[in-house]
file data.txt (compact mmCIF, C-alpha atoms)
# COMPACT_ATOMS: atom_id res chain seq x y z
CA MET A 1332 -47.24 -168.30 -74.83
CA SER A 1333 -43.59 -167.77 -73.96
CA ASP A 1334 -42.27 -167.25 -70.44
CA ALA A 1335 -41.16 -163.74 -71.35
CA GLU A 1336 -44.68 -162.85 -72.51
CA LEU A 1337 -46.17 -164.26 -69.30
CA VAL A 1338 -43.73 -162.30 -67.16
CA SER A 1339 -44.59 -159.17 -69.10
CA LEU A 1340 -48.32 -159.80 -68.62
CA TYR A 1341 -47.85 -160.36 -64.91
CA GLN A 1342 -45.95 -157.09 -64.69
CA SER A 1343 -49.10 -155.53 -66.15
CA ASN A 1344 -51.10 -156.97 -63.23
CA ASN A 1345 -52.43 -160.03 -65.05
CA ASP A 1346 -52.52 -162.58 -62.21
CA ARG A 1347 -53.54 -165.42 -64.49
CA ALA A 1348 -50.23 -165.08 -66.32
CA PHE A 1349 -48.42 -165.86 -63.09
CA LYS A 1350 -50.64 -168.88 -62.51
CA VAL A 1351 -49.54 -170.27 -65.88
CA LEU A 1352 -45.88 -169.75 -64.94
CA LEU A 1353 -46.45 -171.43 -61.60
CA ASN A 1354 -48.11 -174.44 -63.22
CA ARG A 1355 -45.33 -174.65 -65.78
CA TYR A 1356 -42.50 -174.72 -63.25
CA LYS A 1357 -43.92 -175.91 -59.91
CA THR A 1358 -42.74 -179.50 -60.48
CA LYS A 1359 -39.25 -178.56 -61.60
CA VAL A 1360 -38.76 -176.14 -58.71
CA TYR A 1361 -40.19 -178.47 -56.09
CA SER A 1362 -38.24 -181.51 -57.34
CA THR A 1363 -34.97 -179.56 -57.43
CA ILE A 1364 -35.43 -178.49 -53.82
CA TYR A 1365 -36.64 -181.88 -52.65
CA PHE A 1366 -33.64 -183.74 -54.12
CA ILE A 1367 -31.37 -181.44 -52.12
CA VAL A 1368 -33.18 -181.04 -48.79
CA LYS A 1369 -34.66 -184.56 -48.77
CA ASP A 1370 -37.76 -183.51 -46.84
CA ARG A 1371 -41.13 -182.91 -48.48
CA ASP A 1372 -42.52 -180.45 -45.93
CA LEU A 1373 -39.35 -178.39 -46.03
CA ALA A 1374 -39.40 -178.55 -49.82
CA ASP A 1375 -42.93 -177.12 -49.73
CA ASP A 1376 -41.82 -174.23 -47.52
CA LEU A 1377 -38.82 -173.46 -49.69
CA THR A 1378 -40.88 -173.72 -52.90
CA GLN A 1379 -43.14 -171.07 -51.43
CA ASP A 1380 -40.10 -168.90 -50.65
CA VAL A 1381 -38.75 -169.31 -54.18
CA PHE A 1382 -41.96 -168.23 -55.86
CA CYS A 1383 -42.43 -165.35 -53.42
CA LYS A 1384 -38.93 -164.19 -54.37
CA VAL A 1385 -39.85 -164.56 -58.04
CA ILE A 1386 -43.01 -162.51 -57.50
CA ASP A 1387 -41.12 -159.77 -55.65
CA THR A 1388 -38.42 -159.64 -58.32
CA ILE A 1389 -40.90 -159.38 -61.20
CA ARG A 1390 -43.10 -156.84 -59.42
CA GLY A 1391 -40.10 -154.80 -58.39
CA GLY A 1392 -39.01 -154.54 -62.02
CA ARG A 1393 -35.75 -156.32 -61.29
CA TYR A 1394 -36.33 -159.35 -63.50
CA ASN A 1395 -33.85 -159.42 -66.35
CA GLU A 1396 -33.00 -162.93 -67.45
CA ASN A 1397 -33.19 -162.49 -71.22
CA GLY A 1398 -36.00 -164.98 -71.69
CA LYS A 1399 -34.43 -167.72 -69.62
CA PHE A 1400 -37.05 -167.81 -66.91
CA GLN A 1401 -36.79 -171.57 -66.33
CA GLN A 1402 -33.05 -171.46 -65.76
CA TRP A 1403 -33.40 -168.52 -63.44
CA VAL A 1404 -36.23 -169.89 -61.28
CA VAL A 1405 -34.60 -173.32 -60.90
CA ARG A 1406 -31.25 -171.71 -60.06
CA VAL A 1407 -32.99 -169.63 -57.38
CA ALA A 1408 -34.51 -172.87 -56.02
CA HIS A 1409 -31.19 -174.70 -56.11
CA ASN A 1410 -29.32 -171.90 -54.36
CA LEU A 1411 -32.01 -171.43 -51.73
CA ALA A 1412 -32.05 -175.16 -50.91
CA ILE A 1413 -28.28 -175.28 -50.55
CA ASP A 1414 -28.16 -172.08 -48.49
CA HIS A 1415 -30.80 -173.44 -46.17
CA TYR A 1416 -28.80 -176.51 -45.30
CA ARG A 1417 -25.51 -174.71 -45.06
CA LYS A 1418 -27.03 -172.29 -42.58
CA ASN A 1419 -28.55 -175.07 -40.55
CA LYS A 1420 -25.39 -177.16 -40.70
CA LYS A 1421 -27.39 -180.25 -41.53
CA TYR A 1422 -26.30 -180.57 -45.10
CA GLN A 1423 -23.41 -182.88 -45.67
CA MET A 1424 -22.23 -182.84 -49.24
CA VAL A 1425 -21.37 -186.32 -50.40
CA ARG A 1426 -18.31 -186.46 -52.58
CA GLU A 1427 -17.79 -188.57 -55.67
CA ASP A 1428 -15.14 -190.78 -54.09
CA GLU A 1429 -17.36 -192.01 -51.28
CA ASP A 1430 -18.91 -195.44 -51.37
CA PHE A 1431 -22.64 -195.91 -51.46
CA GLU A 1432 -24.02 -199.01 -49.84
CA LEU A 1433 -27.34 -198.07 -51.33
CA PHE A 1434 -25.93 -198.85 -54.77
CA ASN A 1435 -26.19 -202.55 -54.03
CA LEU A 1436 -29.42 -202.70 -52.12
CA LEU A 1437 -32.40 -201.49 -54.00
CA PRO A 1438 -34.99 -203.91 -55.28
CA ILE A 1439 -35.64 -202.61 -58.74
CA SER A 1440 -34.48 -203.47 -62.21
CA VAL A 1441 -33.94 -201.53 -65.41
CA GLU A 1442 -35.85 -204.17 -67.31
CA SER A 1443 -38.84 -204.22 -64.98
CA ALA A 1444 -38.76 -200.44 -64.82
CA GLU A 1445 -38.96 -200.39 -68.59
CA LYS A 1446 -42.09 -202.50 -68.43
CA THR A 1447 -43.73 -200.43 -65.73
CA LEU A 1448 -42.71 -196.84 -66.33
CA GLU A 1449 -45.95 -195.71 -64.77
CA ASN A 1450 -45.24 -197.57 -61.59
CA LYS A 1451 -45.27 -195.15 -58.70
CA GLU A 1452 -42.98 -197.31 -56.60
CA THR A 1453 -40.32 -197.22 -59.29
CA HIS A 1454 -40.37 -193.45 -59.33
CA LYS A 1455 -40.35 -193.29 -55.55
CA MET A 1456 -37.31 -195.55 -55.47
CA LEU A 1457 -35.54 -193.50 -58.11
CA ARG A 1458 -36.15 -190.31 -56.12
CA LYS A 1459 -34.48 -192.01 -53.17
CA LEU A 1460 -31.51 -192.93 -55.35
CA ILE A 1461 -31.18 -189.43 -56.79
CA ARG A 1462 -31.15 -187.98 -53.28
CA GLN A 1463 -28.16 -190.21 -52.50
CA LEU A 1464 -26.05 -189.13 -55.49
CA PRO A 1465 -22.79 -187.26 -54.85
CA PHE A 1466 -23.38 -183.51 -54.78
CA GLU A 1467 -21.57 -182.65 -58.03
CA GLN A 1468 -23.42 -185.34 -59.97
CA LYS A 1469 -26.76 -184.35 -58.50
CA GLN A 1470 -26.15 -180.68 -59.28
CA VAL A 1471 -25.55 -181.37 -62.97
CA LEU A 1472 -28.55 -183.72 -63.08
CA LEU A 1473 -30.87 -181.11 -61.55
CA MET A 1474 -29.61 -178.31 -63.77
CA ARG A 1475 -29.94 -180.42 -66.93
CA HIS A 1476 -33.31 -182.01 -66.19
CA PHE A 1477 -35.14 -179.31 -64.27
CA ALA A 1478 -33.45 -176.03 -65.19
CA GLY A 1479 -33.24 -177.08 -68.84
CA MET A 1480 -29.65 -175.86 -69.11
CA THR A 1481 -27.27 -177.23 -71.73
CA PHE A 1482 -24.09 -178.94 -70.56
CA GLN A 1483 -22.09 -175.94 -71.75
CA GLU A 1484 -24.27 -173.61 -69.67
CA ILE A 1485 -23.88 -175.87 -66.63
CA ALA A 1486 -20.12 -175.95 -67.16
CA ASP A 1487 -20.02 -172.14 -67.32
CA MET A 1488 -22.21 -171.78 -64.24
CA THR A 1489 -20.20 -174.22 -62.13
CA GLY A 1490 -16.80 -173.12 -63.42
CA VAL A 1491 -15.75 -176.46 -64.90
CA SER A 1492 -15.05 -177.68 -68.42
CA ILE A 1493 -17.84 -179.13 -70.55
CA ASN A 1494 -16.09 -182.50 -70.36
CA THR A 1495 -16.27 -182.40 -66.57
CA ALA A 1496 -19.96 -181.46 -66.63
CA LEU A 1497 -20.68 -184.24 -69.13
CA GLY A 1498 -18.57 -186.67 -67.10
CA ARG A 1499 -20.51 -185.89 -63.92
CA MET A 1500 -23.82 -186.43 -65.67
CA ARG A 1501 -22.53 -189.64 -67.17
CA TYR A 1502 -21.46 -190.92 -63.75
CA ALA A 1503 -24.84 -189.93 -62.33
CA LEU A 1504 -26.71 -191.94 -64.96
CA ILE A 1505 -24.32 -194.87 -64.66
CA ASN A 1506 -24.60 -194.85 -60.87
CA LEU A 1507 -28.39 -194.79 -61.07
CA ARG A 1508 -28.33 -197.57 -63.63
CA LYS A 1509 -26.02 -199.64 -61.40
CA MET A 1510 -28.32 -199.13 -58.46
CA LEU A 1511 -31.25 -200.25 -60.58
CA THR A 1512 -29.54 -203.36 -61.94
CA PRO A 1513 -28.53 -205.88 -59.17
CA ILE A 1514 -31.94 -207.16 -58.25
CA TYR A 1515 -32.73 -207.73 -61.90
CA ALA A 1516 -29.76 -210.08 -62.06
CA TYR A 1517 -30.99 -211.80 -58.90
CA GLU A 1518 -34.50 -212.19 -60.33
CA GLU A 1519 -33.11 -213.67 -63.53
CA ASN A 1520 -31.11 -216.26 -61.59
CA TYR A 1521 -34.04 -217.00 -59.33
CA TYR A 1522 -36.37 -217.79 -62.22
CA GLN A 1523 -33.71 -219.86 -63.95
CA ARG A 1524 -33.44 -222.03 -60.81
CA GLN A 1525 -37.20 -222.73 -60.75
CA MET B 711 -5.26 -168.70 -80.15
CA ARG B 712 -7.29 -170.73 -77.65
CA MET B 713 -7.42 -174.42 -78.44
CA LYS B 714 -10.86 -175.92 -78.79
CA LYS B 715 -11.43 -178.81 -76.40
CA THR B 716 -12.19 -182.17 -77.87
CA ILE B 717 -15.19 -183.90 -76.37
CA THR B 718 -14.50 -187.53 -75.56
CA ASN B 719 -16.48 -190.43 -77.08
CA ASP B 720 -18.11 -191.34 -73.77
CA ASN B 721 -19.36 -187.82 -73.48
CA GLU B 722 -20.58 -187.86 -77.07
CA MET B 723 -23.07 -190.54 -76.09
CA LEU B 724 -24.39 -188.26 -73.39
CA GLN B 725 -24.77 -185.34 -75.77
CA PHE B 726 -26.68 -187.63 -78.12
CA VAL B 727 -28.99 -188.85 -75.33
CA TYR B 728 -29.74 -185.25 -74.33
CA GLY B 729 -30.22 -184.03 -77.91
CA GLU B 730 -27.33 -181.59 -77.90
CA PHE B 731 -25.89 -182.57 -81.28
CA SER B 732 -26.35 -180.73 -84.55
CA PRO B 733 -28.66 -182.62 -86.96
CA ALA B 734 -25.64 -183.75 -89.01
CA LYS B 735 -23.73 -185.05 -86.00
CA ASN B 736 -26.91 -186.68 -84.75
CA ASN B 737 -27.23 -188.67 -87.97
CA ASP B 738 -23.57 -189.68 -87.80
CA PHE B 739 -24.04 -190.99 -84.29
CA LYS B 740 -27.18 -192.94 -85.27
CA THR B 741 -25.19 -194.61 -88.02
CA LYS B 742 -22.47 -195.51 -85.51
CA MET B 743 -25.08 -197.14 -83.29
CA LEU B 744 -26.48 -199.17 -86.16
CA LEU B 745 -23.04 -200.66 -86.65
CA ASP B 746 -22.27 -201.23 -82.97
CA ASN B 747 -24.77 -203.10 -80.86
CA SER B 748 -23.00 -202.37 -77.57
CA LEU B 749 -23.24 -198.67 -78.33
CA TYR B 750 -26.95 -199.06 -78.96
CA GLU B 751 -27.39 -201.00 -75.70
CA GLU B 752 -25.62 -198.25 -73.80
CA PHE B 753 -27.85 -195.66 -75.41
CA ARG B 754 -30.96 -197.67 -74.52
CA GLU B 755 -29.97 -197.96 -70.87
CA LEU B 756 -28.91 -194.34 -70.41
CA ASN B 757 -32.00 -193.11 -72.21
CA LEU B 758 -34.23 -195.21 -69.97
CA VAL B 759 -32.67 -193.77 -66.82
CA LYS B 760 -33.03 -190.26 -68.29
CA GLN B 761 -36.71 -190.92 -68.97
CA LEU B 762 -37.24 -192.27 -65.44
CA ILE B 763 -35.64 -189.17 -63.93
CA ASP B 764 -38.09 -186.92 -65.77
CA GLU B 765 -40.97 -189.09 -64.64
CA SER B 766 -39.84 -189.06 -61.02
CA ALA B 767 -40.44 -185.32 -60.63
CA ILE B 768 -42.97 -184.42 -57.96
CA CYS B 769 -45.42 -181.61 -57.22
CA PRO B 770 -45.78 -179.40 -54.15
CA LYS B 771 -48.90 -179.59 -51.97
CA ILE B 772 -52.08 -177.85 -53.11
CA THR B 773 -51.94 -175.61 -50.03
CA THR B 774 -48.45 -174.46 -51.02
CA LEU B 775 -49.69 -173.53 -54.49
CA LYS B 776 -52.69 -171.71 -53.01
CA ASN B 777 -50.41 -169.74 -50.70
CA ILE B 778 -48.18 -168.74 -53.62
CA LEU B 779 -51.15 -167.65 -55.73
CA ALA B 780 -52.55 -165.64 -52.83
CA TYR B 781 -49.20 -163.87 -52.48
CA ALA B 782 -49.10 -163.26 -56.23
CA LYS B 783 -52.48 -161.51 -56.08
CA ALA B 784 -51.79 -159.46 -52.97

call {"tool": "encode", "arguments": {"input": "data.txt", "output": "structure tokens"}}
result
Amino acid sequence: MSDAELVSLYQSNNDRAFKVLLNRYKTKVYSTIYFIVKDRDLADDLTQDVFCKVIDTIRGGRYNENGKFQQWVVRVAHNLAIDHYRKNKKYQMVREDEDFELFNLLPISVESAEKTLENKETHKMLRKLIRQLPFEQKQVLLMRHFAGMTFQEIADMTGVSINTALGRMRYALINLRKMLTPIYAYEENYYQRQ
Amino acid sequence: MRMKKTITNDNEMLQFVYGEFSPAKNNDFKTKMLLDNSLYEEFRELNLVKQLIDESAICPKITTLKNILAYAKA
């Protein structure tokens, strides 16, 4: 069943329709918030706020996103997370030209990650790395992966060219890959010395 | 007339990884990769990181979900 159909059913007081929407998007909304606020309890609170806002908007008859529910709900989450930190003056946006010591520190490899995709520690480490990405790169990553927006849509939303949006995503992936690589090289050398 | 922007080769790889090419362009890019091992290696690495990002997504607490559902029914 499509998102639009579920929204329509919920407007007709079908609570189960909302439960399906919640299950469909809880992970994307929560992850988007968590990668920005970097605190799981706070991410839980804000996730609750986002879905309450969604509920109020649908019930109030103000929902009009032309079938793009996912984009809308993740954008609400993204904006709420950013607003929260701006208001609390805790959020320091990290720019692309800053250095990241973390890039050279983390004990994980692309190759070993490939072998153990199910490994919880790998995912935990990657979440830590994503949290450390420069703001512009992280924004494109979150919008592409969790809001399901195309690069053109992200470019339009953020007021940049598609090449800039693609470039930011490319740097994000390359940065993550770099952060994942050094220890692999170390492990290779270590085993060659044995 | 507004000039259409050309997308650079580096960015083409990204559009391929994220499935934003037309079927025809997709096939062209696959052929390019068959002929260029370094291009294929780059694809493999970027695609792996992309896959890991999707897998790293996390869920809210059960109590949070219960609270939301209670609000939805109210």

call {"tool": "closest_atom_pairs", "arguments": {"input": "data.txt", "of": "chain B", "to": "chain A", "cutoff": "10 Å", "atoms": "all atoms listed in the file", "output": "JSON lines"}}
result
{"residue": "B:Lys715", "atom": "CA", "partner": "A:Asn1494", "partner_atom": "CA", "distance": 8.5}
{"residue": "B:Thr716", "atom": "CA", "partner": "A:Asn1494", "partner_atom": "CA", "distance": 8.5}
{"residue": "B:Ile717", "atom": "CA", "partner": "A:Asn1494", "partner_atom": "CA", "distance": 6.2}
{"residue": "B:Thr718", "atom": "CA", "partner": "A:Asn1494", "partner_atom": "CA", "distance": 7.4}
{"residue": "B:Asp720", "atom": "CA", "partner": "A:Arg1501", "partner_atom": "CA", "distance": 8.1}
{"residue": "B:Asn721", "atom": "CA", "partner": "A:Leu1497", "partner_atom": "CA", "distance": 5.8}
{"residue": "B:Glu722", "atom": "CA", "partner": "A:Leu1497", "partner_atom": "CA", "distance": 8.7}
{"residue": "B:Met723", "atom": "CA", "partner": "A:Arg1501", "partner_atom": "CA", "distance": 9.0}
{"residue": "B:Leu724", "atom": "CA", "partner": "A:Arg1501", "partner_atom": "CA", "distance": 6.6}
{"residue": "B:Gln725", "atom": "CA", "partner": "A:Leu1497", "partner_atom": "CA", "distance": 7.9}
{"residue": "B:Tyr728", "atom": "CA", "partner": "A:Thr1481", "partner_atom": "CA", "distance": 8.8}
{"residue": "B:Gly729", "atom": "CA", "partner": "A:Thr1481", "partner_atom": "CA", "distance": 9.7}
{"residue": "B:Glu730", "atom": "CA", "partner": "A:Thr1481", "partner_atom": "CA", "distance": 7.6}
{"residue": "B:Glu752", "atom": "CA", "partner": "A:Ile1505", "partner_atom": "CA", "distance": 9.8}
{"residue": "B:Glu755", "atom": "CA", "partner": "A:Arg1508", "partner_atom": "CA", "distance": 7.4}
{"residue": "B:Leu756", "atom": "CA", "partner": "A:Leu1504", "partner_atom": "CA", "distance": 6.3}
{"residue": "B:Asn757", "atom": "CA", "partner": "A:Leu1504", "partner_atom": "CA", "distance": 9.1}
{"residue": "B:Leu758", "atom": "CA", "partner": "A:Glu1445", "partner_atom": "CA", "distance": 7.1}
{"residue": "B:Val759", "atom": "CA", "partner": "A:Leu1504", "partner_atom": "CA", "distance": 6.5}
{"residue": "B:Lys760", "atom": "CA", "partner": "A:Leu1504", "partner_atom": "CA", "distance": 7.3}
{"residue": "B:Gln761", "atom": "CA", "partner": "A:Leu1448", "partner_atom": "CA", "distance": 8.8}
{"residue": "B:Leu762", "atom": "CA", "partner": "A:His1454", "partner_atom": "CA", "distance": 7.0}
{"residue": "B:Ile763", "atom": "CA", "partner": "A:Leu1457", "partner_atom": "CA", "distance": 7.3}
{"residue": "B:Asp764", "atom": "CA", "partner": "A:His1476", "partner_atom": "CA", "distance": 6.9}
{"residue": "B:Glu765", "atom": "CA", "partner": "A:His1454", "partner_atom": "CA", "distance": 6.9}
{"residue": "B:Ser766", "atom": "CA", "partner": "A:His1454", "partner_atom": "CA", "distance": 4.7}
{"residue": "B:Ala767", "atom": "CA", "partner": "A:Ser1362", "partner_atom": "CA", "distance": 5.5}
{"residue": "B:Ile768", "atom": "CA", "partner": "A:Thr1358", "partner_atom": "CA", "distance": 5.5}
{"residue": "B:Cys769", "atom": "CA", "partner": "A:Thr1358", "partner_atom": "CA", "distance": 4.7}
{"residue": "B:Pro770", "atom": "CA", "partner": "A:Asp1375", "partner_atom": "CA", "distance": 5.7}
{"residue": "B:Lys771", "atom": "CA", "partner": "A:Asp1375", "partner_atom": "CA", "distance": 6.8}
{"residue": "B:Ile772", "atom": "CA", "partner": "A:Asp1375", "partner_atom": "CA", "distance": 9.8}
{"residue": "B:Thr773", "atom": "CA", "partner": "A:Asp1375", "partner_atom": "CA", "distance": 9.1}
{"residue": "B:Thr774", "atom": "CA", "partner": "A:Asp1375", "partner_atom": "CA", "distance": 6.3}
{"residue": "B:Leu775", "atom": "CA", "partner": "A:Gln1379", "partner_atom": "CA", "distance": 7.6}
{"residue": "B:Lys776", "atom": "CA", "partner": "A:Gln1379", "partner_atom": "CA", "distance": 9.7}
{"residue": "B:Asn777", "atom": "CA", "partner": "A:Gln1379", "partner_atom": "CA", "distance": 7.4}
{"residue": "B:Ile778", "atom": "CA", "partner": "A:Gln1379", "partner_atom": "CA", "distance": 6.0}
{"residue": "B:Leu779", "atom": "CA", "partner": "A:Lys1350", "partner_atom": "CA", "distance": 6.9}
{"residue": "B:Ala780", "atom": "CA", "partner": "A:Asp1346", "partner_atom": "CA", "distance": 9.9}
{"residue": "B:Tyr781", "atom": "CA", "partner": "A:Cys1383", "partner_atom": "CA", "distance": 7.0}
{"residue": "B:Ala782", "atom": "CA", "partner": "A:Ile1386", "partner_atom": "CA", "distance": 6.3}
{"residue": "B:Lys783", "atom": "CA", "partner": "A:Asp1346", "partner_atom": "CA", "distance": 6.2}
{"residue": "B:Ala784", "atom": "CA", "partner": "A:Asp1346", "partner_atom": "CA", "distance": 9.8}

call {"tool": "atom_distance", "arguments": {"input": "data.txt", "atom1": "CA of Ala1478 (chain A)", "atom2": "CA of Leu1411 (chain A)"}}
result
14.3 Å

call {"tool": "atom_distance", "arguments": {"input": "data.txt", "atom1": "CA of Val1405 (chain A)", "atom2": "CA of Asn1419 (chain A)"}}
result
21.3 Å

call {"tool": "closest_residue", "arguments": {"input": "data.txt", "among": "A:Met1488, A:Gln1468, A:Leu1460, A:Met1474", "to": "Ala1408 (chain A)", "atoms": "all atoms listed in the file"}}
result
A:Met1474

call {"tool": "atom_distance", "arguments": {"input": "data.txt", "atom1": "CA of Asn747 (chain B)", "atom2": "CA of Tyr1502 (chain A)"}}
result
21.3 Å

call {"tool": "build_atoms", "arguments": {"input": "data.txt", "residues": "region 732-741 of chain B", "atoms": "all heavy atoms", "output": "mmCIF file, in the coordinates of the input"}}
result
data_model
loop_
_atom_site.group_PDB
_atom_site.id
_atom_site.type_symbol
_atom_site.label_atom_id
_atom_site.label_comp_id
_atom_site.auth_asym_id
_atom_site.auth_seq_id
_atom_site.Cartn_x
_atom_site.Cartn_y
_atom_site.Cartn_z
ATOM 1 N N SER B 732 -25.784 -181.337 -83.340
ATOM 2 C CA SER B 732 -26.350 -180.730 -84.550
ATOM 3 C C SER B 732 -27.032 -181.867 -85.321
ATOM 4 O O SER B 732 -26.684 -183.037 -85.128
ATOM 5 C CB SER B 732 -25.239 -180.124 -85.392
ATOM 6 O OG SER B 732 -24.382 -181.162 -85.827
ATOM 7 N N PRO B 733 -27.997 -181.548 -86.202
ATOM 8 C CA PRO B 733 -28.660 -182.620 -86.960
ATOM 9 C C PRO B 733 -27.663 -183.523 -87.696
ATOM 10 O O PRO B 733 -27.832 -184.740 -87.726
ATOM 11 C CB PRO B 733 -29.541 -181.852 -87.955
ATOM 12 C CG PRO B 733 -29.821 -180.553 -87.278
ATOM 13 C CD PRO B 733 -28.575 -180.234 -86.498
ATOM 14 N N ALA B 734 -26.613 -182.943 -88.261
ATOM 15 C CA ALA B 734 -25.640 -183.750 -89.010
ATOM 16 C C ALA B 734 -24.899 -184.713 -88.088
ATOM 17 O O ALA B 734 -24.751 -185.904 -88.391
ATOM 18 C CB ALA B 734 -24.642 -182.822 -89.702
ATOM 19 N N LYS B 735 -24.454 -184.210 -86.946
ATOM 20 C CA LYS B 735 -23.730 -185.050 -86.000
ATOM 21 C C LYS B 735 -24.658 -186.118 -85.413
ATOM 22 O O LYS B 735 -24.231 -187.231 -85.108
ATOM 23 C CB LYS B 735 -23.145 -184.180 -84.881
ATOM 24 C CG LYS B 735 -21.777 -184.654 -84.446
ATOM 25 C CD LYS B 735 -21.089 -183.691 -83.534
ATOM 26 C CE LYS B 735 -19.804 -184.355 -83.029
ATOM 27 N NZ LYS B 735 -19.135 -183.574 -82.012
ATOM 28 N N ASN B 736 -25.902 -185.745 -85.257
ATOM 29 C CA ASN B 736 -26.910 -186.680 -84.750
ATOM 30 C C ASN B 736 -27.046 -187.876 -85.690
ATOM 31 O O ASN B 736 -27.069 -189.029 -85.247
ATOM 32 C CB ASN B 736 -28.253 -185.933 -84.682
ATOM 33 C CG ASN B 736 -29.090 -186.400 -83.526
ATOM 34 O OD1 ASN B 736 -28.588 -186.568 -82.418
ATOM 35 N ND2 ASN B 736 -30.365 -186.620 -83.778
ATOM 36 N N ASN B 737 -27.111 -187.592 -86.977
ATOM 37 C CA ASN B 737 -27.230 -188.670 -87.970
ATOM 38 C C ASN B 737 -25.979 -189.549 -87.984
ATOM 39 O O ASN B 737 -26.078 -190.767 -88.104
ATOM 40 C CB ASN B 737 -27.485 -188.091 -89.368
ATOM 41 C CG ASN B 737 -28.914 -187.607 -89.495
ATOM 42 O OD1 ASN B 737 -29.807 -188.049 -88.768
ATOM 43 N ND2 ASN B 737 -29.150 -186.689 -90.413
ATOM 44 N N ASP B 738 -24.823 -188.916 -87.844
ATOM 45 C CA ASP B 738 -23.570 -189.680 -87.800
ATOM 46 C C ASP B 738 -23.580 -190.658 -86.632
ATOM 47 O O ASP B 738 -23.181 -191.811 -86.755
ATOM 48 C CB ASP B 738 -22.363 -188.740 -87.626
ATOM 49 C CG ASP B 738 -22.039 -188.004 -88.909
ATOM 50 O OD1 ASP B 738 -22.610 -188.371 -89.956
ATOM 51 O OD2 ASP B 738 -21.228 -187.064 -88.847
ATOM 52 N N PHE B 739 -24.050 -190.157 -85.494
ATOM 53 C CA PHE B 739 -24.040 -190.990 -84.290
ATOM 54 C C PHE B 739 -25.047 -192.143 -84.421
ATOM 55 O O PHE B 739 -24.780 -193.257 -83.987
ATOM 56 C CB PHE B 739 -24.357 -190.144 -83.050
ATOM 57 C CG PHE B 739 -23.859 -190.762 -81.782
ATOM 58 C CD1 PHE B 739 -22.543 -190.607 -81.383
ATOM 59 C CD2 PHE B 739 -24.705 -191.522 -80.989
ATOM 60 C CE1 PHE B 739 -22.080 -191.194 -80.223
ATOM 61 C CE2 PHE B 739 -24.255 -192.113 -79.823
ATOM 62 C CZ PHE B 739 -22.933 -191.948 -79.436
ATOM 63 N N LYS B 740 -26.182 -191.871 -85.039
ATOM 64 C CA LYS B 740 -27.180 -192.940 -85.270
ATOM 65 C C LYS B 740 -26.587 -194.033 -86.143
ATOM 66 O O LYS B 740 -26.809 -195.222 -85.901
ATOM 67 C CB LYS B 740 -28.431 -192.352 -85.942
ATOM 68 C CG LYS B 740 -29.383 -191.685 -84.982
ATOM 69 C CD LYS B 740 -30.614 -191.186 -85.731
ATOM 70 C CE LYS B 740 -31.518 -190.388 -84.823
ATOM 71 N NZ LYS B 740 -32.592 -189.710 -85.561
ATOM 72 N N THR B 741 -25.833 -193.626 -87.146
ATOM 73 C CA THR B 741 -25.190 -194.610 -88.020
ATOM 74 C C THR B 741 -24.190 -195.452 -87.243
ATOM 75 O O THR B 741 -24.140 -196.671 -87.388
ATOM 76 C CB THR B 741 -24.464 -193.875 -89.187
ATOM 77 O OG1 THR B 741 -25.396 -192.988 -89.796
ATOM 78 C CG2 THR B 741 -23.931 -194.852 -90.212
#
